[in-house]
>>> print(open('final_13.txt').read())   # compact mmCIF, C-alpha atoms and all ligand atoms
# COMPACT_ATOMS: atom_id res chain seq x y z
CA MET A 253 92.60 -26.77 -5.24
CA CYS A 254 89.77 -25.97 -7.67
CA PHE A 255 87.54 -29.04 -7.94
CA LEU A 256 86.96 -28.40 -11.63
CA CYS A 257 90.35 -27.58 -13.05
CA GLY A 258 92.86 -28.25 -10.27
CA ALA A 259 94.21 -24.71 -10.14
CA GLN A 260 94.99 -23.11 -6.81
CA ALA A 261 91.80 -21.77 -5.26
CA ASP A 262 90.63 -20.03 -2.09
CA THR A 263 86.91 -19.55 -2.73
CA LYS A 264 84.54 -22.18 -1.40
CA TYR A 265 82.21 -23.59 -4.02
CA GLN A 266 78.57 -23.03 -3.24
CA LYS A 267 75.87 -24.81 -5.07
CA GLY A 268 73.58 -22.19 -6.59
CA LEU A 269 69.83 -22.35 -7.06
CA SER A 270 70.18 -24.07 -10.35
CA ALA A 271 73.15 -26.27 -9.94
CA VAL A 272 75.09 -27.04 -13.06
CA TYR A 273 77.44 -28.98 -10.87
CA ARG A 274 75.87 -31.01 -8.15
CA THR A 275 78.07 -31.36 -5.15
CA GLN A 276 78.47 -35.11 -5.45
CA GLU A 277 79.28 -35.01 -9.14
CA TYR A 278 82.17 -34.33 -11.42
CA SER A 279 84.93 -33.63 -9.03
CA ARG A 280 87.96 -35.29 -10.47
CA ARG A 281 90.14 -33.58 -7.90
CA VAL A 282 88.41 -33.76 -4.57
CA PRO A 283 87.17 -36.84 -2.71
CA PRO A 284 83.37 -37.11 -3.09
CA HIS A 285 82.63 -36.66 0.56
CA ALA A 286 84.92 -33.75 1.32
CA LYS A 287 82.83 -31.20 3.12
CA TYR A 288 83.71 -28.14 1.07
CA LYS A 289 84.96 -27.86 -2.41
CA SER A 290 86.97 -24.94 -3.67
CA ILE A 291 86.57 -23.26 -6.99
CA CYS A 292 89.01 -20.95 -8.74
CA GLU A 293 88.08 -17.50 -10.04
CA VAL A 294 88.09 -18.56 -13.67
CA CYS A 295 85.80 -21.54 -13.16
CA ASN A 296 83.61 -19.51 -10.88
CA LEU A 297 83.15 -16.83 -13.54
CA GLU A 298 82.39 -19.41 -16.22
CA TYR A 299 79.94 -21.06 -13.92
CA ALA A 300 78.20 -17.77 -13.17
CA LEU A 301 78.00 -16.90 -16.87
CA LEU A 302 76.48 -20.23 -17.79
CA SER A 303 73.98 -20.10 -14.95
CA SER A 304 72.98 -16.60 -15.92
CA ILE A 305 72.50 -17.51 -19.56
CA CYS A 306 70.56 -20.64 -18.70
CA GLU A 307 68.35 -18.54 -16.49
CA GLN A 308 67.91 -15.88 -19.15
CA TYR A 309 66.75 -18.47 -21.67
CA ASP A 310 64.61 -20.30 -19.19
CA VAL A 311 66.72 -23.39 -19.42
CA SER A 312 66.58 -25.68 -16.48
CA THR A 313 69.95 -26.89 -15.34
CA ASN A 314 68.36 -29.85 -13.61
CA ASN A 315 68.46 -31.98 -16.72
CA SER A 316 71.69 -33.33 -17.95
CA LEU A 317 73.22 -30.41 -19.77
CA GLU A 318 76.11 -30.75 -22.18
CA ILE A 319 77.82 -28.30 -24.46
CA ALA A 320 78.87 -28.79 -28.05
CA TYR A 321 81.92 -26.61 -28.67
CA PHE A 322 82.12 -25.75 -32.34
CA TYR A 323 85.43 -24.26 -33.43
CA PHE A 324 87.74 -23.83 -36.33
CA ASP A 325 91.00 -25.70 -36.28
CA ASP A 326 93.98 -24.71 -34.25
CA PHE A 327 94.33 -20.97 -34.69
CA LEU A 328 93.58 -18.75 -31.75
CA GLY A 329 90.14 -17.28 -31.81
CA ASP A 330 88.70 -14.19 -30.26
CA VAL A 331 86.76 -15.87 -27.52
CA ARG A 332 83.81 -14.02 -26.13
CA LEU A 333 80.73 -15.37 -24.55
CA ARG A 334 77.80 -13.33 -25.75
CA SER A 335 74.19 -14.12 -25.29
CA ASN A 336 73.53 -14.31 -29.00
CA ARG A 337 76.40 -16.75 -29.34
CA VAL A 338 74.51 -19.21 -27.20
CA GLY A 339 71.70 -21.05 -28.85
CA ASN A 340 68.49 -22.60 -27.74
CA ILE A 341 68.57 -25.98 -26.18
CA VAL A 342 68.49 -28.84 -28.65
CA GLN A 343 65.60 -31.04 -27.63
CA GLY A 344 65.14 -33.81 -30.11
CA ASP A 345 65.20 -35.10 -33.64
CA GLY A 346 64.24 -31.96 -35.54
CA ASP A 347 66.48 -29.29 -36.89
CA GLU A 348 66.80 -27.03 -33.92
CA LEU A 349 70.35 -25.79 -33.80
CA ASP A 350 70.32 -22.00 -33.71
CA ASP A 351 72.17 -19.78 -36.03
CA PRO A 352 73.06 -22.41 -38.60
CA GLU A 353 75.03 -19.74 -40.40
CA ILE A 354 77.87 -19.63 -37.97
CA ALA A 355 79.93 -16.55 -38.53
CA ASN A 356 83.37 -17.37 -39.74
CA SER A 357 85.39 -14.25 -40.00
CA LEU A 358 88.65 -13.27 -38.40
CA ILE A 359 87.23 -10.48 -36.34
CA GLN A 360 84.27 -12.34 -35.02
CA PRO A 361 84.23 -15.02 -32.38
CA GLN A 362 85.59 -18.32 -33.65
CA TYR A 363 83.96 -20.47 -31.03
CA PHE A 364 80.33 -21.30 -30.84
CA LEU A 365 78.81 -22.90 -27.79
CA GLN A 366 75.70 -24.97 -28.25
CA PRO A 367 74.04 -26.23 -25.08
CA VAL A 368 72.22 -29.52 -25.50
CA TYR A 369 69.83 -31.40 -23.30
CA VAL A 370 70.24 -35.09 -22.91
CA LEU A 371 67.20 -37.06 -21.85
CA ASP A 372 68.27 -40.65 -22.47
CA GLU A 373 70.65 -42.68 -24.58
CA ASN A 374 68.56 -42.72 -27.74
CA HIS A 375 67.92 -39.03 -27.45
CA ARG A 376 71.61 -38.38 -26.98
CA MET A 377 72.30 -40.21 -30.25
CA ALA A 378 69.77 -37.94 -31.99
CA VAL A 379 71.55 -34.92 -30.55
CA VAL A 380 74.94 -36.24 -31.65
CA ARG A 381 73.53 -36.66 -35.14
CA GLN A 382 72.43 -33.02 -35.25
CA VAL A 383 75.73 -31.80 -33.89
CA MET A 384 77.65 -33.83 -36.48
CA ARG A 385 75.45 -32.47 -39.24
CA ALA A 386 76.07 -28.90 -38.11
CA ALA A 387 79.82 -29.53 -38.02
CA GLN A 388 79.74 -31.04 -41.50
CA GLU A 389 77.79 -28.10 -42.90
CA SER A 390 79.81 -25.33 -41.27
CA GLY A 391 83.24 -26.92 -41.67
CA MET A 392 83.89 -26.43 -37.96
CA LYS A 393 85.25 -29.09 -35.68
CA VAL A 394 83.28 -29.96 -32.59
CA VAL A 395 83.85 -31.36 -29.12
CA ILE A 396 80.94 -32.38 -26.93
CA GLY A 397 81.61 -32.15 -23.22
CA ARG A 398 80.21 -31.15 -19.90
CA PRO A 399 80.00 -27.43 -19.27
CA PHE A 400 83.45 -26.07 -18.51
CA THR A 401 85.31 -29.26 -17.97
CA ARG A 402 88.23 -27.55 -19.64
CA PHE A 403 87.44 -27.65 -23.30
CA GLU A 404 90.35 -28.95 -25.32
CA SER A 405 90.56 -28.99 -29.07
CA ALA A 406 91.04 -32.45 -30.58
CA ASP A 407 92.81 -33.95 -33.56
CA ALA A 408 89.55 -35.50 -34.63
CA VAL A 409 86.90 -33.44 -36.36
CA PHE A 410 84.30 -34.80 -33.95
CA ALA A 411 85.16 -35.76 -30.39
CA ASP A 412 82.84 -36.68 -27.56
CA GLU A 413 83.97 -36.56 -23.97
CA GLU A 414 80.71 -38.03 -22.68
CA THR A 415 80.37 -40.81 -25.19
CA THR A 416 77.92 -43.65 -24.53
CA ARG A 417 78.28 -47.39 -25.10
CA PRO A 418 75.91 -47.53 -28.10
CA GLN A 419 77.98 -44.81 -29.75
CA GLU A 420 81.22 -46.68 -29.17
CA LEU A 421 79.81 -49.92 -30.55
CA LEU A 422 78.94 -48.20 -33.82
CA GLY A 423 82.08 -46.08 -34.02
CA LEU A 424 80.02 -42.93 -33.59
CA ASP A 425 82.09 -41.64 -30.67
CA GLU A 426 84.70 -40.02 -32.90
CA ALA A 427 85.20 -38.93 -36.48
CA GLU A 428 88.73 -38.36 -37.68
CA ARG A 429 87.84 -36.34 -40.76
CA PHE A 430 85.00 -34.60 -42.55
CA GLY A 431 84.91 -37.05 -45.44
CA PRO A 432 86.76 -39.88 -47.17
CA LEU A 433 90.39 -39.43 -48.17
CA PRO A 434 91.13 -39.06 -51.85
CA SER A 435 91.63 -42.46 -53.46
CA PHE A 436 95.35 -41.95 -54.16
CA ILE A 437 96.16 -41.87 -50.44
CA GLU A 438 96.66 -45.45 -49.45
CA ASN A 439 98.48 -45.74 -46.17
CA ASP A 440 96.55 -46.20 -42.98
CA ARG A 441 93.17 -45.53 -44.46
CA THR A 442 90.27 -45.63 -42.07
CA ASP A 443 86.68 -44.78 -42.76
CA SER A 444 86.27 -42.69 -39.64
CA HIS A 445 84.63 -39.58 -40.99
CA LEU A 446 81.47 -37.54 -40.64
CA ARG A 447 80.00 -38.56 -43.96
CA ARG A 448 80.00 -42.20 -42.95
CA ALA A 449 78.68 -41.48 -39.46
CA LEU A 450 75.83 -39.40 -40.86
CA GLN A 451 74.95 -42.08 -43.39
CA LEU A 452 74.76 -44.67 -40.64
CA PHE A 453 72.55 -42.39 -38.57
CA LYS A 454 70.31 -41.89 -41.59
CA LEU A 455 69.95 -45.64 -42.10
CA MET A 456 69.04 -46.25 -38.48
CA SER A 457 66.51 -43.46 -38.59
CA MET A 458 64.92 -44.64 -41.87
CA VAL A 459 64.57 -48.20 -40.68
CA GLY A 460 63.40 -47.09 -37.26
CA GLN A 461 60.75 -44.88 -38.78
CA ASP A 462 59.42 -47.66 -40.99
CA ALA A 463 59.11 -49.95 -37.98
CA GLY A 464 57.74 -47.23 -35.71
CA MET A 465 60.54 -47.68 -33.19
CA SER A 466 60.77 -45.36 -30.22
CA ASN A 467 64.52 -45.78 -29.92
CA PRO A 468 65.88 -46.44 -33.41
CA TYR A 469 69.45 -45.50 -32.52
CA LEU A 470 69.81 -48.25 -29.94
CA GLN A 471 68.73 -51.23 -32.04
CA LEU A 472 71.92 -51.85 -33.93
CA ASP A 473 75.03 -52.82 -32.02
CA ARG A 474 77.56 -53.48 -34.77
CA ASP A 475 78.60 -51.76 -37.93
CA THR A 476 79.10 -54.89 -40.02
CA PHE A 477 77.47 -56.02 -43.23
CA HIS A 478 75.45 -58.89 -41.79
CA SER A 479 74.26 -57.03 -38.69
CA ILE A 480 73.07 -54.00 -40.66
CA ALA A 481 71.49 -56.14 -43.39
CA ASN A 482 69.72 -58.13 -40.69
CA PHE A 483 68.53 -54.98 -38.91
CA ALA A 484 67.14 -53.58 -42.17
CA VAL A 485 65.55 -56.78 -43.48
CA VAL A 486 63.83 -57.51 -40.17
CA ASN A 487 62.53 -53.98 -39.62
CA HIS A 488 61.97 -52.39 -43.00
CA ASP A 489 59.42 -53.63 -45.52
CA HIS A 490 61.50 -52.61 -48.52
CA ALA A 491 65.00 -53.05 -47.17
CA VAL A 492 66.20 -54.77 -50.34
CA ARG A 493 65.32 -51.72 -52.40
CA LEU A 494 66.77 -48.98 -50.19
CA THR A 495 69.35 -47.04 -52.18
CA ASP A 496 70.98 -45.58 -49.09
CA LEU A 497 71.51 -49.03 -47.65
CA LYS A 498 73.06 -50.39 -50.80
CA GLU A 499 75.36 -47.38 -51.08
CA TYR A 500 76.44 -47.78 -47.50
CA PHE A 501 77.42 -51.40 -48.13
CA GLU A 502 79.19 -50.53 -51.36
CA ASN A 503 81.15 -47.73 -49.72
CA TYR A 504 82.03 -49.22 -46.35
CA HIS A 505 81.46 -52.98 -46.39
CA GLU A 506 82.32 -53.75 -49.96
CA THR A 507 84.30 -56.94 -49.32
CA GLU A 508 81.69 -58.58 -47.10
CA PHE A 509 78.87 -57.52 -49.40
CA MET A 510 80.67 -58.98 -52.42
CA GLU A 511 81.43 -62.19 -50.54
CA MET A 512 77.81 -62.64 -49.55
CA LYS A 513 76.74 -61.89 -53.12
CA THR A 514 79.06 -64.65 -54.27
CA VAL A 515 77.38 -66.98 -51.77
CA ALA A 516 73.98 -65.96 -53.14
CA GLU A 517 75.06 -66.47 -56.73
CA ARG A 518 76.39 -69.94 -55.95
CA GLY A 519 73.07 -70.59 -54.21
CA ILE A 520 71.19 -69.55 -57.33
CA ASP A 521 73.40 -71.81 -59.49
CA LEU A 522 72.59 -74.71 -57.24
CA PHE A 523 69.00 -74.10 -56.36
CA GLY A 524 67.66 -72.02 -59.22
CA LYS A 525 66.10 -68.58 -59.02
CA GLN A 526 63.24 -68.40 -56.58
CA PHE A 527 60.80 -65.55 -56.96
CA ASP A 528 58.00 -66.06 -54.51
CA SER A 529 58.75 -66.36 -50.84
CA LYS A 530 61.67 -65.38 -48.65
CA TYR A 531 61.37 -68.87 -47.23
CA LYS A 532 62.18 -70.50 -50.56
CA LYS A 533 64.84 -67.98 -51.42
CA THR A 534 66.79 -68.73 -48.27
CA LYS A 535 65.94 -72.42 -47.93
CA ILE A 536 69.15 -73.87 -49.28
CA PHE A 537 71.27 -71.42 -47.27
CA ARG A 538 69.46 -72.39 -44.09
CA GLU A 539 70.03 -76.05 -44.89
CA ALA A 540 73.73 -75.30 -45.23
CA LEU A 541 73.98 -73.39 -41.94
CA ASP A 542 72.08 -76.11 -40.12
CA ALA A 543 74.49 -78.69 -41.51
CA PHE A 544 77.47 -76.58 -40.41
CA LEU A 545 75.96 -76.29 -36.95
CA SER A 546 75.18 -79.95 -36.58
CA GLY A 547 78.61 -80.98 -37.92
CA LYS A 548 80.36 -78.57 -35.57
CA ASN A 549 78.20 -79.85 -32.75
CA GLN A 550 79.49 -83.35 -33.48
CA GLN A 551 83.02 -81.93 -33.49
CA MET A 552 83.81 -83.06 -37.00
CA ASP A 553 87.19 -82.02 -38.30
CA ASP A 554 87.13 -79.46 -41.07
CA ASP A 555 87.51 -81.81 -44.05
CA ARG A 556 84.77 -84.08 -42.84
CA LEU A 557 82.57 -81.15 -41.96
CA ILE A 558 82.80 -79.68 -45.45
CA GLU A 559 82.07 -83.03 -47.02
CA TYR A 560 79.11 -83.49 -44.72
CA VAL A 561 77.66 -80.03 -45.44
CA GLU A 562 78.12 -80.56 -49.18
CA SER A 563 76.24 -83.83 -49.09
CA GLN A 564 73.40 -82.36 -47.01
CA VAL A 565 73.09 -79.36 -49.29
CA TYR A 566 73.19 -81.51 -52.42
CA ALA A 567 70.55 -83.87 -51.06
CA ALA A 568 68.30 -80.97 -50.11
CA ALA A 569 68.60 -79.37 -53.55
CA ASP A 570 68.07 -82.68 -55.27
CA ARG A 571 64.87 -83.34 -53.29
CA GLU A 572 63.13 -80.22 -54.56
CA ASP A 573 61.49 -80.36 -57.95
CA TYR A 574 61.53 -76.64 -58.45
CA ALA A 575 65.26 -76.49 -57.88
CA GLY A 576 66.04 -77.82 -61.32
CA HIS A 577 68.94 -80.16 -61.81
CA ALA A 578 71.55 -79.74 -59.08
CA THR A 579 75.07 -81.14 -59.33
CA PRO A 580 77.56 -82.04 -56.57
CA GLU A 581 79.99 -79.48 -58.07
CA GLN A 582 77.44 -76.72 -57.56
CA ALA A 583 76.92 -77.83 -53.96
CA LYS A 584 80.68 -77.80 -53.42
CA ALA A 585 81.07 -74.27 -54.81
CA PHE A 586 78.19 -73.02 -52.68
CA VAL A 587 79.55 -74.51 -49.46
CA GLU A 588 83.02 -73.21 -50.23
CA ALA A 589 81.67 -69.68 -50.63
CA ILE A 590 79.79 -69.90 -47.34
CA ARG A 591 82.81 -71.21 -45.51
CA GLU A 592 84.89 -68.36 -46.86
CA TYR A 593 82.39 -65.78 -45.64
CA LEU A 594 82.26 -67.35 -42.19
CA VAL A 595 86.02 -67.58 -41.83
CA GLU A 596 86.66 -64.05 -43.11
CA ASN A 597 84.07 -62.63 -40.73
CA ASP A 598 85.18 -64.60 -37.71
CA LEU A 599 81.95 -66.57 -37.45
CA TYR A 600 83.32 -70.04 -38.09
CA ASP A 601 82.67 -71.56 -34.70
CA LEU A 602 79.69 -73.20 -33.12
CA LYS A 603 78.76 -70.47 -30.68
CA LYS A 604 79.06 -67.56 -33.08
CA LEU A 605 77.40 -69.45 -35.87
CA SER A 606 74.36 -70.22 -33.76
CA ASP A 607 74.23 -66.65 -32.38
CA TRP A 608 74.36 -65.16 -35.86
CA GLU A 609 72.36 -67.74 -37.78
CA ASN A 610 69.26 -65.58 -38.30
CA ALA A 611 71.29 -62.49 -39.12
CA LEU A 612 73.23 -64.49 -41.70
CA VAL A 613 70.02 -65.78 -43.27
CA ASN A 614 68.71 -62.24 -43.56
CA SER A 615 71.93 -60.94 -45.06
CA TYR A 616 71.91 -63.84 -47.51
CA TYR A 617 68.38 -62.85 -48.43
CA TYR A 618 69.51 -59.26 -48.94
CA ALA A 619 72.40 -60.30 -51.18
CA TYR A 620 70.15 -62.76 -53.02
CA GLU A 621 67.72 -60.01 -53.94
CA GLN A 622 70.61 -57.88 -55.19
CA SER A 623 71.78 -60.77 -57.35
CA LEU A 624 68.46 -61.52 -59.01
ZN ZN A 701 89.06 -23.92 -11.84
>>> encode(input="final_13.txt", output="structure tokens", more="lines below")
Ligand SMILES: [Zn+2]
Amino acid sequence: MCFLCGAQADTKYQKGLSAVYRTQEYSRRVPPHAKYKSICEVCNLEYALLSSICEQYDVSTNNSLEIAYFYFDDFLGDVRLRSNRVGNIVQGDGDELDDPEIANSLIQPQYFLQPVYVLDENHRMAVVRQVMRAAQESGMKVVIGRPFTRFESADAVFADEETTRPQELLGLDEAERFGPLPSFIENDRTDSHLRRALQLFKLMSMVGQDAGMSNPYLQLDRDTFHSIANFAVVNHDHAVRLTDLKEYFENYHETEFMEMKTVAERGIDLFGKQFDSKYKKTKIFREALDAFLSGKNQQMDDDRLIEYVESQVYAAADREDYAGHATPEQAKAFVEAIREYLVENDLYDLKKLSDWENALVNSYYYAYEQSL
């Protein structure tokens, strides 16, 4: 049996000089320690072609090599592997994909193979970003996979057979469509599309650049309003003024963004507008979170907890001269808005609240600035 595809095979597989497949790797069909592996004629030919092309372009096959298969949707293409259909190796962040003007005519090849090097997880994210961008621009779908592990077209516009954990956490392992659905389509809407993925990549890269990060694509582990706001506020000097960031929230986290803005507005009602320091701007919110934490720590029931937080918040606002004249009603409205945000975002328990406290403060700060 062929160790790559499972077809019947007589030829023994021999590792070449530059081994795309190392003998201990990849075999889904043969036990890892079997002495000889067999390879079928088709896989053997593909293997020889890839090795030859890699050699011709001075590409080492010792690094982790993957292929992005660009293709048009499900009609049958004229598949030929020609040297000028194979591009240079994509190495990093720049714009290095060859032949950006992929030929799309009925008599020319409809598949385009792009070999890519993968150095580490952050680098792989950068490569994925470039591949997605090329797919978006050419209107071709794309599957990333190992060389010749039986390429299969996918329903999704972008599919990744070698996806990494950071990609999965951010939903960057798949994109169902090129862009958002028209607004009149209402059933089963998801925001899994290339435009969103590329916007998220752009944000991570912008923030990473401002902070001089060496691995900007591995810093964020959740695509939620408060985690992204936190990531941006902590790492970017002008996070509150980034248009791309605001647009991303408005497009994809509208509810959470609006809820946090409501919290901020109630905070301003209670505590007045603060213009100087981030410390002052977030002071009353921090007081509230601390009261929630300490009440939950004492296992207060919900009614008592709310009452307790309200009284703490009111006392804190009342203590400060610059806060103006605070009323218990304002404190109540503020605490109610916070509670709603926490419940809606599944953060209303002691552990999560303490884990996310700083992120929440930073997202409050972000929303506060937007409300001023
Ligand atoms: Zn085979």
>>> residues_around(input="final_13.txt", residues="A:Leu421", least_positions_apart="6", cutoff="9 Å", atoms="all atoms listed in the file", output="list in words")
Leu472, Asp473, Arg474 and Asp475 of chain A
>>> write_last_selection(input="final_13.txt", atoms="C-alpha atoms", output="compact mmCIF listing (two decimals), in the frame of the given file")
# COMPACT_ATOMS: atom_id res chain seq x y z
CA LEU A 472 71.92 -51.85 -33.93
CA ASP A 473 75.03 -52.82 -32.02
CA ARG A 474 77.56 -53.48 -34.77
CA ASP A 475 78.60 -51.76 -37.93
>>> residues_around(input="final_13.txt", residues="A:Val565", least_positions_apart="3", cutoff="7 Å", atoms="all atoms listed in the file", output="PyMOL selection string")
chain A and resi 536+539-540+561-562+568-569+583
>>> residues_near_point(input="final_13.txt", point="(70.8, -56.6, -37.6)", cutoff="12 Å", atoms="only C-alpha atoms", output="ChimeraX atom specification")
/A:455-456,459,470-488,491,607-615,618
>>> residues_near_point(input="final_13.txt", point="(76.2, -81.0, -55.4)", cutoff="9 Å", atoms="all atoms listed in the file", output="list in words")
Leu522, Glu562, Ser563, Gln564, Val565, Tyr566, Ala567, Ala569, Asp570, Ala578, Thr579, Pro580, Glu581, Gln582, Ala583, Lys584, Ala585 and Phe586 of chain A
>>> write_last_selection(input="final_13.txt", atoms="C-alpha atoms", output="PDB file, keeping the file's coordinate frame")
ATOM      1  CA  LEU A 522      72.590 -74.710 -57.240  1.00  0.00           C
ATOM      2  CA  GLU A 562      78.120 -80.560 -49.180  1.00  0.00           C
ATOM      3  CA  SER A 563      76.240 -83.830 -49.090  1.00  0.00           C
ATOM      4  CA  GLN A 564      73.400 -82.360 -47.010  1.00  0.00           C
ATOM      5  CA  VAL A 565      73.090 -79.360 -49.290  1.00  0.00           C
ATOM      6  CA  TYR A 566      73.190 -81.510 -52.420  1.00  0.00           C
ATOM      7  CA  ALA A 567      70.550 -83.870 -51.060  1.00  0.00           C
ATOM      8  CA  ALA A 569      68.600 -79.370 -53.550  1.00  0.00           C
ATOM      9  CA  ASP A 570      68.070 -82.680 -55.270  1.00  0.00           C
ATOM     10  CA  ALA A 578      71.550 -79.740 -59.080  1.00  0.00           C
ATOM     11  CA  THR A 579      75.070 -81.140 -59.330  1.00  0.00           C
ATOM     12  CA  PRO A 580      77.560 -82.040 -56.570  1.00  0.00           C
ATOM     13  CA  GLU A 581      79.990 -79.480 -58.070  1.00  0.00           C
ATOM     14  CA  GLN A 582      77.440 -76.720 -57.560  1.00  0.00           C
ATOM     15  CA  ALA A 583      76.920 -77.830 -53.960  1.00  0.00           C
ATOM     16  CA  LYS A 584      80.680 -77.800 -53.420  1.00  0.00           C
ATOM     17  CA  ALA A 585      81.070 -74.270 -54.810  1.00  0.00           C
ATOM     18  CA  PHE A 586      78.190 -73.020 -52.680  1.00  0.00           C
TER      19      PHE A 586
END
>>> residues_near_ligand(input="final_13.txt", ligand="ligand ZN 701 (chain A)", cutoff="10 Å", atoms="only C-alpha atoms and all ligand atoms", output="list in words")
Met253, Cys254, Phe255, Leu256, Cys257, Gly258, Ala259, Gln260, Ala261, Ser290, Ile291, Cys292, Glu293, Val294, Cys295, Asn296, Leu297, Glu298, Tyr299, Phe400, Thr401 and Arg402 of chain A
>>> atom_distance(input="final_13.txt", atom1="atom CA of A:Tyr600", atom2="atom CA of A:Glu517")
20.7 Å
>>> build_atoms(input="final_13.txt", residues="stretch 386-402 of chain A", atoms="N, CA, C and O atoms", output="CSV table (one decimal), in the coordinates of the input")
chain,number,residue,atom,x,y,z
A,386,ALA,N,75.7,-30.3,-38.2
A,386,ALA,CA,76.1,-28.9,-38.1
A,386,ALA,C,77.6,-28.7,-38.4
A,386,ALA,O,78.0,-27.8,-39.0
A,387,ALA,N,78.4,-29.6,-37.8
A,387,ALA,CA,79.8,-29.5,-38.0
A,387,ALA,C,80.1,-29.7,-39.5
A,387,ALA,O,80.9,-29.0,-40.1
A,388,GLN,N,79.5,-30.7,-40.1
A,388,GLN,CA,79.7,-31.0,-41.5
A,388,GLN,C,79.4,-29.8,-42.4
A,388,GLN,O,80.1,-29.5,-43.3
A,389,GLU,N,78.3,-29.2,-42.1
A,389,GLU,CA,77.8,-28.1,-42.9
A,389,GLU,C,78.6,-26.8,-42.7
A,389,GLU,O,78.8,-26.1,-43.7
A,390,SER,N,79.1,-26.6,-41.5
A,390,SER,CA,79.8,-25.3,-41.3
A,390,SER,C,81.3,-25.5,-41.5
A,390,SER,O,82.0,-24.5,-41.6
A,391,GLY,N,81.8,-26.7,-41.5
A,391,GLY,CA,83.2,-26.9,-41.7
A,391,GLY,C,84.0,-26.7,-40.4
A,391,GLY,O,85.2,-26.5,-40.3
A,392,MET,N,83.2,-26.6,-39.3
A,392,MET,CA,83.9,-26.4,-38.0
A,392,MET,C,84.1,-27.8,-37.3
A,392,MET,O,83.3,-28.7,-37.5
A,393,LYS,N,85.1,-27.9,-36.5
A,393,LYS,CA,85.2,-29.1,-35.7
A,393,LYS,C,84.4,-28.9,-34.4
A,393,LYS,O,83.9,-27.9,-34.1
A,394,VAL,N,84.2,-30.0,-33.8
A,394,VAL,CA,83.3,-30.0,-32.6
A,394,VAL,C,83.7,-31.0,-31.5
A,394,VAL,O,84.1,-32.1,-31.8
A,395,VAL,N,83.6,-30.5,-30.3
A,395,VAL,CA,83.8,-31.4,-29.1
A,395,VAL,C,82.6,-31.3,-28.2
A,395,VAL,O,82.2,-30.2,-27.9
A,396,ILE,N,82.0,-32.4,-27.9
A,396,ILE,CA,80.9,-32.4,-26.9
A,396,ILE,C,81.5,-32.7,-25.5
A,396,ILE,O,82.3,-33.6,-25.4
A,397,GLY,N,81.1,-31.9,-24.6
A,397,GLY,CA,81.6,-32.2,-23.2
A,397,GLY,C,80.7,-31.6,-22.2
A,397,GLY,O,79.7,-31.0,-22.5
A,398,ARG,N,81.0,-31.8,-20.9
A,398,ARG,CA,80.2,-31.2,-19.9
A,398,ARG,C,80.6,-29.7,-19.9
A,398,ARG,O,81.6,-29.3,-20.4
A,399,PRO,N,79.7,-28.8,-19.3
A,399,PRO,CA,80.0,-27.4,-19.3
A,399,PRO,C,81.3,-27.2,-18.5
A,399,PRO,O,81.5,-27.7,-17.4
A,400,PHE,N,82.2,-26.5,-19.2
A,400,PHE,CA,83.4,-26.1,-18.5
A,400,PHE,C,84.3,-27.2,-17.9
A,400,PHE,O,84.9,-27.0,-16.9
A,401,THR,N,84.3,-28.3,-18.5
A,401,THR,CA,85.3,-29.3,-18.0
A,401,THR,C,86.6,-29.1,-18.7
A,401,THR,O,87.2,-30.1,-19.1
A,402,ARG,N,87.0,-27.9,-18.9
A,402,ARG,CA,88.2,-27.6,-19.6
A,402,ARG,C,88.2,-28.1,-21.1
A,402,ARG,O,88.7,-29.1,-21.4
